[in-house]
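Okay, upload_1.pdb now, which holds PDB, C-alpha atoms and all ligand atoms:
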```
ATOM      1  CA  MET A   1     -10.310 -13.632  -5.034
ATOM      2  CA  ASN A   2     -10.032 -10.662  -2.663
ATOM      3  CA  ILE A   3      -6.596 -10.084  -1.199
ATOM      4  CA  ILE A   4      -5.151  -7.676   1.329
ATOM      5  CA  LEU A   5      -1.489  -6.718   1.324
ATOM      6  CA  LEU A   6      -0.375  -5.694   4.770
ATOM      7  CA  GLY A   7       2.994  -4.215   5.651
ATOM      8  CA  ALA A   8       4.888  -1.178   6.831
ATOM      9  CA  PRO A   9       5.400   1.776   4.483
ATOM     10  CA  GLY A  10       8.210   0.804   2.142
ATOM     11  CA  ALA A  11       7.811  -2.945   2.673
ATOM     12  CA  GLY A  12       7.163  -3.319  -1.050
ATOM     13  CA  LYS A  13       3.381  -3.579  -1.103
ATOM     14  CA  GLY A  14       3.076  -1.632  -4.349
ATOM     15  CA  THR A  15       5.588  -3.823  -6.183
ATOM     16  CA  GLN A  16       3.990  -7.029  -4.961
ATOM     17  CA  ALA A  17       0.531  -5.723  -5.777
ATOM     18  CA  GLU A  18       1.653  -5.326  -9.403
ATOM     19  CA  VAL A  19       2.993  -8.881  -9.478
ATOM     20  CA  MET A  20      -0.267 -10.293  -8.159
ATOM     21  CA  CYS A  21      -2.335  -8.106 -10.452
ATOM     22  CA  LYS A  22      -0.550  -9.670 -13.473
ATOM     23  CA  GLU A  23      -0.794 -13.173 -12.050
ATOM     24  CA  LEU A  24      -4.479 -13.017 -11.132
ATOM     25  CA  GLY A  25      -5.839 -10.509 -13.640
ATOM     26  CA  ILE A  26      -7.622  -8.489 -10.967
ATOM     27  CA  PRO A  27      -7.056  -4.789 -10.199
ATOM     28  CA  THR A  28      -4.903  -3.334  -7.474
ATOM     29  CA  ILE A  29      -6.617  -0.777  -5.284
ATOM     30  CA  SER A  30      -4.175   1.552  -3.551
ATOM     31  CA  THR A  31      -5.789   4.024  -1.173
ATOM     32  CA  GLY A  32      -2.486   5.949  -1.080
ATOM     33  CA  ASN A  33      -2.506   6.420  -4.870
ATOM     34  CA  MET A  34      -6.185   7.373  -4.833
ATOM     35  CA  LEU A  35      -5.588   9.922  -2.086
ATOM     36  CA  ARG A  36      -2.584  11.403  -3.913
ATOM     37  CA  ALA A  37      -4.697  11.722  -7.060
ATOM     38  CA  ALA A  38      -7.421  13.465  -5.025
ATOM     39  CA  VAL A  39      -4.886  15.893  -3.547
ATOM     40  CA  LYS A  40      -3.569  16.672  -7.013
ATOM     41  CA  ALA A  41      -7.046  17.185  -8.410
ATOM     42  CA  GLY A  42      -7.928  19.418  -5.446
ATOM     43  CA  THR A  43     -11.148  17.566  -4.627
ATOM     44  CA  GLU A  44     -12.879  18.159  -1.322
ATOM     45  CA  TYR A  45     -11.551  15.045   0.325
ATOM     46  CA  GLY A  46      -8.119  15.640  -1.238
ATOM     47  CA  LEU A  47      -7.954  18.977   0.557
ATOM     48  CA  LYS A  48      -8.941  17.313   3.823
ATOM     49  CA  ALA A  49      -6.385  14.528   3.401
ATOM     50  CA  LYS A  50      -3.372  16.590   2.363
ATOM     51  CA  ALA A  51      -2.151  17.823   5.756
ATOM     52  CA  ALA A  52      -2.271  14.354   7.309
ATOM     53  CA  MET A  53      -0.493  12.802   4.325
ATOM     54  CA  ASP A  54       2.319  15.365   4.238
ATOM     55  CA  ALA A  55       2.883  14.799   7.948
ATOM     56  CA  GLY A  56       2.969  11.031   7.463
ATOM     57  CA  ALA A  57      -0.134  10.602   9.626
ATOM     58  CA  LEU A  58      -3.167   8.540   8.691
ATOM     59  CA  VAL A  59      -6.095  10.112   6.922
ATOM     60  CA  SER A  60      -9.363   9.747   8.870
ATOM     61  CA  ASP A  61     -11.166   6.421   8.695
ATOM     62  CA  ASP A  62     -14.339   8.120   7.387
ATOM     63  CA  ILE A  63     -12.578   9.467   4.316
ATOM     64  CA  VAL A  64     -10.653   6.322   3.350
ATOM     65  CA  ILE A  65     -13.557   3.981   4.036
ATOM     66  CA  GLY A  66     -15.756   6.152   1.798
ATOM     67  CA  ILE A  67     -13.226   6.135  -1.048
ATOM     68  CA  LEU A  68     -12.699   2.401  -0.771
ATOM     69  CA  LYS A  69     -16.390   1.618  -0.729
ATOM     70  CA  ASP A  70     -16.958   3.584  -3.953
ATOM     71  CA  ARG A  71     -13.951   2.003  -5.626
ATOM     72  CA  ILE A  72     -14.868  -1.626  -4.957
ATOM     73  CA  ALA A  73     -18.332  -0.977  -6.355
ATOM     74  CA  GLU A  74     -16.855  -0.279  -9.809
ATOM     75  CA  PRO A  75     -17.292  -2.891 -12.576
ATOM     76  CA  ASP A  76     -13.625  -3.931 -12.828
ATOM     77  CA  ALA A  77     -13.554  -4.906  -9.144
ATOM     78  CA  GLN A  78     -16.401  -7.404  -9.332
ATOM     79  CA  ASN A  79     -14.158 -10.443  -9.933
ATOM     80  CA  GLY A  80     -11.829  -9.621  -7.084
ATOM     81  CA  PHE A  81      -9.163  -7.097  -6.113
ATOM     82  CA  ILE A  82      -5.904  -6.605  -4.320
ATOM     83  CA  LEU A  83      -5.964  -4.030  -1.552
ATOM     84  CA  ASP A  84      -2.671  -2.176  -1.137
ATOM     85  CA  GLY A  85      -2.631   0.067   1.938
ATOM     86  CA  PHE A  86      -6.141  -0.665   3.157
ATOM     87  CA  PRO A  87      -7.138  -1.489   5.859
ATOM     88  CA  ARG A  88      -4.643   0.316   8.051
ATOM     89  CA  THR A  89      -6.659   0.479  11.275
ATOM     90  CA  VAL A  90      -8.903  -1.981  13.099
ATOM     91  CA  PRO A  91     -12.025   0.157  12.402
ATOM     92  CA  GLN A  92     -11.177   0.027   8.665
ATOM     93  CA  ALA A  93     -10.939  -3.785   8.806
ATOM     94  CA  GLU A  94     -14.245  -3.920  10.671
ATOM     95  CA  ALA A  95     -15.809  -1.667   8.031
ATOM     96  CA  LEU A  96     -14.773  -4.151   5.317
ATOM     97  CA  ASP A  97     -16.310  -6.996   7.298
ATOM     98  CA  ASN A  98     -19.480  -4.957   7.815
ATOM     99  CA  MET A  99     -19.742  -4.235   4.081
ATOM    100  CA  GLY A 100     -19.884  -7.995   3.617
ATOM    101  CA  VAL A 101     -16.607  -8.113   1.678
ATOM    102  CA  GLN A 102     -15.150 -11.627   1.803
ATOM    103  CA  ILE A 103     -11.386 -11.545   2.152
ATOM    104  CA  ASP A 104      -9.656 -14.714   0.978
ATOM    105  CA  LYS A 105      -6.119 -14.020   2.025
ATOM    106  CA  VAL A 106      -4.052 -11.437   3.854
ATOM    107  CA  ILE A 107      -0.401 -11.357   2.863
ATOM    108  CA  GLU A 108       1.820  -9.646   5.394
ATOM    109  CA  LEU A 109       5.097  -8.376   3.960
ATOM    110  CA  ALA A 110       7.456  -8.336   6.936
ATOM    111  CA  VAL A 111      10.531  -6.101   6.685
ATOM    112  CA  GLU A 112      12.699  -4.769   9.553
ATOM    113  CA  ASP A 113      12.498  -1.066  10.389
ATOM    114  CA  GLU A 114      16.164  -0.387   9.601
ATOM    115  CA  LYS A 115      15.749  -1.769   6.124
ATOM    116  CA  ILE A 116      12.589   0.268   5.629
ATOM    117  CA  LYS A 117      14.382   3.486   6.507
ATOM    118  CA  SER A 118      17.064   2.944   3.880
ATOM    119  CA  ARG A 119      14.565   1.822   1.271
ATOM    120  CA  LEU A 120      12.344   4.862   1.653
ATOM    121  CA  SER A 121      15.263   7.255   1.415
ATOM    122  CA  GLY A 122      15.955   5.946  -2.105
ATOM    123  CA  ARG A 123      12.364   5.842  -3.252
ATOM    124  CA  ARG A 124      11.287   8.024  -6.203
ATOM    125  CA  VAL A 125       7.745   8.293  -7.456
ATOM    126  CA  CYS A 126       5.927   9.553 -10.513
ATOM    127  CA  LEU A 127       3.161  11.854  -9.327
ATOM    128  CA  ASP A 128       1.511  11.508 -12.688
ATOM    129  CA  CYS A 129       0.914   7.756 -13.010
ATOM    130  CA  GLY A 130       1.845   6.459  -9.552
ATOM    131  CA  ALA A 131       4.769   4.269 -10.665
ATOM    132  CA  THR A 132       7.475   3.879  -7.997
ATOM    133  CA  TYR A 133      11.221   3.384  -8.344
ATOM    134  CA  HIS A 134      14.287   3.049  -6.151
ATOM    135  CA  VAL A 135      17.597   4.683  -6.989
ATOM    136  CA  VAL A 136      19.485   1.438  -6.253
ATOM    137  CA  THR A 137      17.122  -1.532  -6.504
ATOM    138  CA  LYS A 138      14.635  -0.394  -9.151
ATOM    139  CA  ALA A 139      16.193   2.472 -11.063
ATOM    140  CA  PRO A 140      14.289   3.975 -13.996
ATOM    141  CA  LYS A 141      15.909   3.622 -17.446
ATOM    142  CA  VAL A 142      16.656   7.348 -17.501
ATOM    143  CA  GLU A 143      17.498   8.976 -14.163
ATOM    144  CA  GLY A 144      14.643  11.096 -12.826
ATOM    145  CA  VAL A 145      12.230  10.129 -15.596
ATOM    146  CA  CYS A 146       9.253   7.756 -15.360
ATOM    147  CA  ASP A 147       9.597   4.657 -17.599
ATOM    148  CA  VAL A 148       5.836   4.426 -17.947
ATOM    149  CA  CYS A 149       4.772   7.952 -18.832
ATOM    150  CA  GLY A 150       7.937  10.024 -19.249
ATOM    151  CA  LYS A 151       7.123  12.508 -16.486
ATOM    152  CA  GLU A 152       9.516  13.692 -13.790
ATOM    153  CA  LEU A 153      10.215  11.520 -10.720
ATOM    154  CA  VAL A 154      10.178  13.116  -7.276
ATOM    155  CA  ILE A 155      10.853  12.281  -3.635
ATOM    156  CA  ARG A 156       7.548  12.042  -1.806
ATOM    157  CA  LYS A 157       7.243  14.633   0.957
ATOM    158  CA  ASP A 158       6.395  11.900   3.453
ATOM    159  CA  ASP A 159       9.575   9.961   2.564
ATOM    160  CA  GLU A 160      11.739  12.541   4.323
ATOM    161  CA  PRO A 161      13.628  10.866   7.236
ATOM    162  CA  ALA A 162      11.779  12.514  10.168
ATOM    163  CA  THR A 163       8.410  11.690   8.630
ATOM    164  CA  VAL A 164       9.462   8.100   7.948
ATOM    165  CA  ILE A 165      10.114   7.566  11.668
ATOM    166  CA  SER A 166       6.630   8.721  12.602
ATOM    167  CA  ARG A 167       5.051   6.622   9.822
ATOM    168  CA  LEU A 168       6.804   3.554  11.226
ATOM    169  CA  GLU A 169       5.557   4.375  14.732
ATOM    170  CA  THR A 170       2.028   4.700  13.395
ATOM    171  CA  TYR A 171       2.415   1.392  11.592
ATOM    172  CA  HIS A 172       3.465  -0.473  14.733
ATOM    173  CA  LYS A 173       0.858   1.149  16.930
ATOM    174  CA  THR A 174      -2.187   1.335  14.671
ATOM    175  CA  THR A 175      -1.761  -1.024  11.709
ATOM    176  CA  ALA A 176       0.223  -3.952  13.132
ATOM    177  CA  PRO A 177      -2.766  -5.059  15.312
ATOM    178  CA  LEU A 178      -4.314  -6.180  12.017
ATOM    179  CA  VAL A 179      -1.786  -9.026  11.906
ATOM    180  CA  ASP A 180      -3.529 -10.458  14.937
ATOM    181  CA  TYR A 181      -6.977  -9.544  13.614
ATOM    182  CA  TYR A 182      -6.534 -11.550  10.417
ATOM    183  CA  SER A 183      -4.530 -14.295  12.045
ATOM    184  CA  LYS A 184      -7.571 -14.978  14.266
ATOM    185  CA  GLN A 185      -9.689 -15.199  11.114
ATOM    186  CA  GLY A 186      -7.233 -17.794   9.747
ATOM    187  CA  LYS A 187      -6.394 -15.630   6.727
ATOM    188  CA  LEU A 188      -2.876 -14.439   7.455
ATOM    189  CA  VAL A 189       0.214 -15.526   5.524
ATOM    190  CA  THR A 190       3.505 -13.855   6.435
ATOM    191  CA  VAL A 191       6.159 -13.391   3.757
ATOM    192  CA  HIS A 192       9.584 -12.050   4.651
ATOM    193  CA  GLY A 193      10.344  -9.257   2.230
ATOM    194  CA  THR A 194      13.921  -9.825   1.100
ATOM    195  CA  ASP A 195      16.217  -7.389  -0.711
ATOM    196  CA  SER A 196      15.753  -9.295  -3.927
ATOM    197  CA  VAL A 197      12.526  -8.219  -5.615
ATOM    198  CA  ALA A 198      12.501 -11.403  -7.735
ATOM    199  CA  GLU A 199      12.851 -13.596  -4.658
ATOM    200  CA  THR A 200      10.073 -11.755  -2.835
ATOM    201  CA  ASN A 201       7.852 -12.093  -5.921
ATOM    202  CA  ASP A 202       8.343 -15.878  -5.827
ATOM    203  CA  LEU A 203       7.556 -16.031  -2.105
ATOM    204  CA  VAL A 204       4.397 -13.993  -2.586
ATOM    205  CA  LEU A 205       3.200 -16.114  -5.513
ATOM    206  CA  ALA A 206       3.832 -19.248  -3.447
ATOM    207  CA  ALA A 207       1.846 -17.718  -0.562
ATOM    208  CA  LEU A 208      -1.024 -17.044  -2.945
ATOM    209  CA  LYS A 209      -1.174 -20.652  -4.040
ATOM    210  CA  GLY A 210      -0.536 -22.208  -0.637
TER
HETATM  211  P1  LIG A 301       3.026   3.927   2.265
HETATM  212  O1  LIG A 301       2.513   2.524   2.278
HETATM  213  O2  LIG A 301       4.324   4.047   1.576
HETATM  214  O3  LIG A 301       2.976   4.631   3.581
HETATM  215  P2  LIG A 301       0.666   4.849   0.807
HETATM  216  O4  LIG A 301       0.864   5.349  -0.565
HETATM  217  O5  LIG A 301      -0.043   3.559   1.002
HETATM  218  O6  LIG A 301       2.109   4.842   1.402
HETATM  219  O7  LIG A 301      -0.082   5.962   1.691
HETATM  220  C1  LIG A 301       0.359   7.296   1.736
HETATM  221  C2  LIG A 301      -0.428   8.068   2.774
HETATM  222  O8  LIG A 301      -1.818   8.052   2.425
HETATM  223  C3  LIG A 301      -0.393   7.502   4.192
HETATM  224  O9  LIG A 301       0.740   7.933   4.903
HETATM  225  C4  LIG A 301      -1.692   8.051   4.759
HETATM  226  O10 LIG A 301      -1.573   9.415   5.104
HETATM  227  C5  LIG A 301      -2.627   7.961   3.585
HETATM  228  N1  LIG A 301      -3.348   6.656   3.548
HETATM  229  C6  LIG A 301      -3.284   5.698   2.579
HETATM  230  N2  LIG A 301      -4.073   4.658   2.865
HETATM  231  C7  LIG A 301      -4.658   4.948   4.056
HETATM  232  C8  LIG A 301      -5.576   4.250   4.920
HETATM  233  N3  LIG A 301      -6.042   3.033   4.597
HETATM  234  N4  LIG A 301      -5.934   4.871   6.073
HETATM  235  C9  LIG A 301      -5.489   6.086   6.407
HETATM  236  N5  LIG A 301      -4.615   6.785   5.661
HETATM  237  C10 LIG A 301      -4.205   6.217   4.501
HETATM  238 ZN    ZN A 302       4.650   7.965 -14.657
END
```
Show the structure stored in the file as structure tokens.
Amino acid sequence: MNIILLGAPGAGKGTQAEVMCKELGIPTISTGNMLRAAVKAGTEYGLKAKAAMDAGALVSDDIVIGILKDRIAEPDAQNGFILDGFPRTVPQAEALDNMGVQIDKVIELAVEDEKIKSRLSGRRVCLDCGATYHVVTKAPKVEGVCDVCGKELVIRKDDEPATVISRLETYHKTTAPLVDYYSKQGKLVTVHGTDSVAETNDLVLAALKG
């Protein structure tokens, strides 16, 4: 089963990807996490991606398509995968189709912009293992410390308010056309992301089965 999670930044794609990963036993592939790891490691494409990421802009299609292609060729992805944050542009979706990747379902997590803005302002991330938290809705056991690996939690540079506004604009302009793209392919299921994580989990699991 190959699944795409579509949704604005902060819609809860990462959290839902984890839920599905447990349910289906297939890996989550997050281009955002892979790019952040590349930036941290100082690889060639990490250096190229950093400026765009800090500004909240998209990294070039060439780079992300290349990373994604390598990742889905790995052994653990052969029984299926959940894509979190890819595709984000129509050319990226076309690249997937051209690679011959069969997508079974596209789950759109729909959340209003106002809600997104407040969610992202409370988001904290572990730069070491990629785990994400929220100061109100998903607080770590110890403030500022990652439950998973014990490292320090930080505010992502691109979660600063001005950057969030431009990320939302980019989402509406460049990524939202994918709703139509996959709807035409008969693969789209829209789930309204509620404030209750447990409730959203149930809706997503129902969408998977339906
Ligand atoms: P969010 O969904 O919260 O915006 P991600 O962790 O998915 O965050 O992505 C962080 C950043 O990484 C994006 O703002 C963008 O710069 C880059 N990125 C991730 N995935 C893609 C993609 N598919 N295409 C282009 N840029 C991407
Ligand atoms: Zn961690």
Residues near stretch 50-60 of chain A, cut-off 8 Å, all atoms listed in the file, skip fewer than 2 positions along chain, as a ChimeraX atom specification = /A:39,46-48,62-64,157-158,163-164,166-167,170
Nearest candidate to A:Lys105 (options A:Gly32, A:Pro9, A:Gly14, A:Gly186; using all atoms listed in the file) =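 Using all atoms listed in the file, the shortest distance to A:Lys105 belongs to A:Gly186.
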Figure out the distance between atom CA of A:Gly130 and atom ZN of ligand ZN 302 (chain A), please, to one decimal in Å.
-> 6.0 Å
Select the residues contacting ligand ZN 302 (chain A) at a distance of at most 10 Å, based on all atoms listed in the file, then format the selection as a PyMOL selection string.
-> chain A and resi 125-132+145-153
Tell me which residues the PyMOL selection byres (((chain A and resi 88) around 12) and not hetatm) grabs here, as a PyMOL selection string.
-> chain A and resi 4-9+30-32+57-61+64-65+83-87+89-96+167+170-179+181
Selected residues, C-alpha atoms, written as an mmCIF file, in the coordinates of the input, please.
```cif
data_model
loop_
_atom_site.group_PDB
_atom_site.id
_atom_site.type_symbol
_atom_site.label_atom_id
_atom_site.label_comp_id
_atom_site.auth_asym_id
_atom_site.auth_seq_id
_atom_site.Cartn_x
_atom_site.Cartn_y
_atom_site.Cartn_z
ATOM 1 C CA ILE A 4 -5.151 -7.676 1.329
ATOM 2 C CA LEU A 5 -1.489 -6.718 1.324
ATOM 3 C CA LEU A 6 -0.375 -5.694 4.770
ATOM 4 C CA GLY A 7 2.994 -4.215 5.651
ATOM 5 C CA ALA A 8 4.888 -1.178 6.831
ATOM 6 C CA PRO A 9 5.400 1.776 4.483
ATOM 7 C CA SER A 30 -4.175 1.552 -3.551
ATOM 8 C CA THR A 31 -5.789 4.024 -1.173
ATOM 9 C CA GLY A 32 -2.486 5.949 -1.080
ATOM 10 C CA ALA A 57 -0.134 10.602 9.626
ATOM 11 C CA LEU A 58 -3.167 8.540 8.691
ATOM 12 C CA VAL A 59 -6.095 10.112 6.922
ATOM 13 C CA SER A 60 -9.363 9.747 8.870
ATOM 14 C CA ASP A 61 -11.166 6.421 8.695
ATOM 15 C CA VAL A 64 -10.653 6.322 3.350
ATOM 16 C CA ILE A 65 -13.557 3.981 4.036
ATOM 17 C CA LEU A 83 -5.964 -4.030 -1.552
ATOM 18 C CA ASP A 84 -2.671 -2.176 -1.137
ATOM 19 C CA GLY A 85 -2.631 0.067 1.938
ATOM 20 C CA PHE A 86 -6.141 -0.665 3.157
ATOM 21 C CA PRO A 87 -7.138 -1.489 5.859
ATOM 22 C CA THR A 89 -6.659 0.479 11.275
ATOM 23 C CA VAL A 90 -8.903 -1.981 13.099
ATOM 24 C CA PRO A 91 -12.025 0.157 12.402
ATOM 25 C CA GLN A 92 -11.177 0.027 8.665
ATOM 26 C CA ALA A 93 -10.939 -3.785 8.806
ATOM 27 C CA GLU A 94 -14.245 -3.920 10.671
ATOM 28 C CA ALA A 95 -15.809 -1.667 8.031
ATOM 29 C CA LEU A 96 -14.773 -4.151 5.317
ATOM 30 C CA ARG A 167 5.051 6.622 9.822
ATOM 31 C CA THR A 170 2.028 4.700 13.395
ATOM 32 C CA TYR A 171 2.415 1.392 11.592
ATOM 33 C CA HIS A 172 3.465 -0.473 14.733
ATOM 34 C CA LYS A 173 0.858 1.149 16.930
ATOM 35 C CA THR A 174 -2.187 1.335 14.671
ATOM 36 C CA THR A 175 -1.761 -1.024 11.709
ATOM 37 C CA ALA A 176 0.223 -3.952 13.132
ATOM 38 C CA PRO A 177 -2.766 -5.059 15.312
ATOM 39 C CA LEU A 178 -4.314 -6.180 12.017
ATOM 40 C CA VAL A 179 -1.786 -9.026 11.906
ATOM 41 C CA TYR A 181 -6.977 -9.544 13.614
#
```
Between A:Ala198, A:Ile3, A:Val19, A:Leu35, which one has atoms that come closest to ligand LIG 301 (chain A), using all atoms listed in the file?
->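 Under the stated criterion, the closest residue is A:Leu35.
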Please enclose the listed atoms of ligand LIG 301 (chain A) in an axis-aligned box, pad each side by 6 Å, and write out the centre and the three edge lengths in Å, rounded to one decimal, as AutoDock Vina command-line options.
```
--center_x -0.9 --center_y 6.0 --center_z 2.9 --size_x 22.4 --size_y 18.9 --size_z 19.0
```
Anything within 10 Å of (7.4, -13.6, -6.1): list those residues as a PyMOL selection string, counting all atoms listed in the file and sticking to the file's coordinates.
-> chain A and resi 15-16+19-20+191+193+196-208
Report the distance between atom CA of A:Asn98 and atom CA of A:Ala73 in Å, rounded to one decimal place.
->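 According to the coordinates, atom CA of A:Asn98 and atom CA of A:Ala73 are separated by 14.8 Å.
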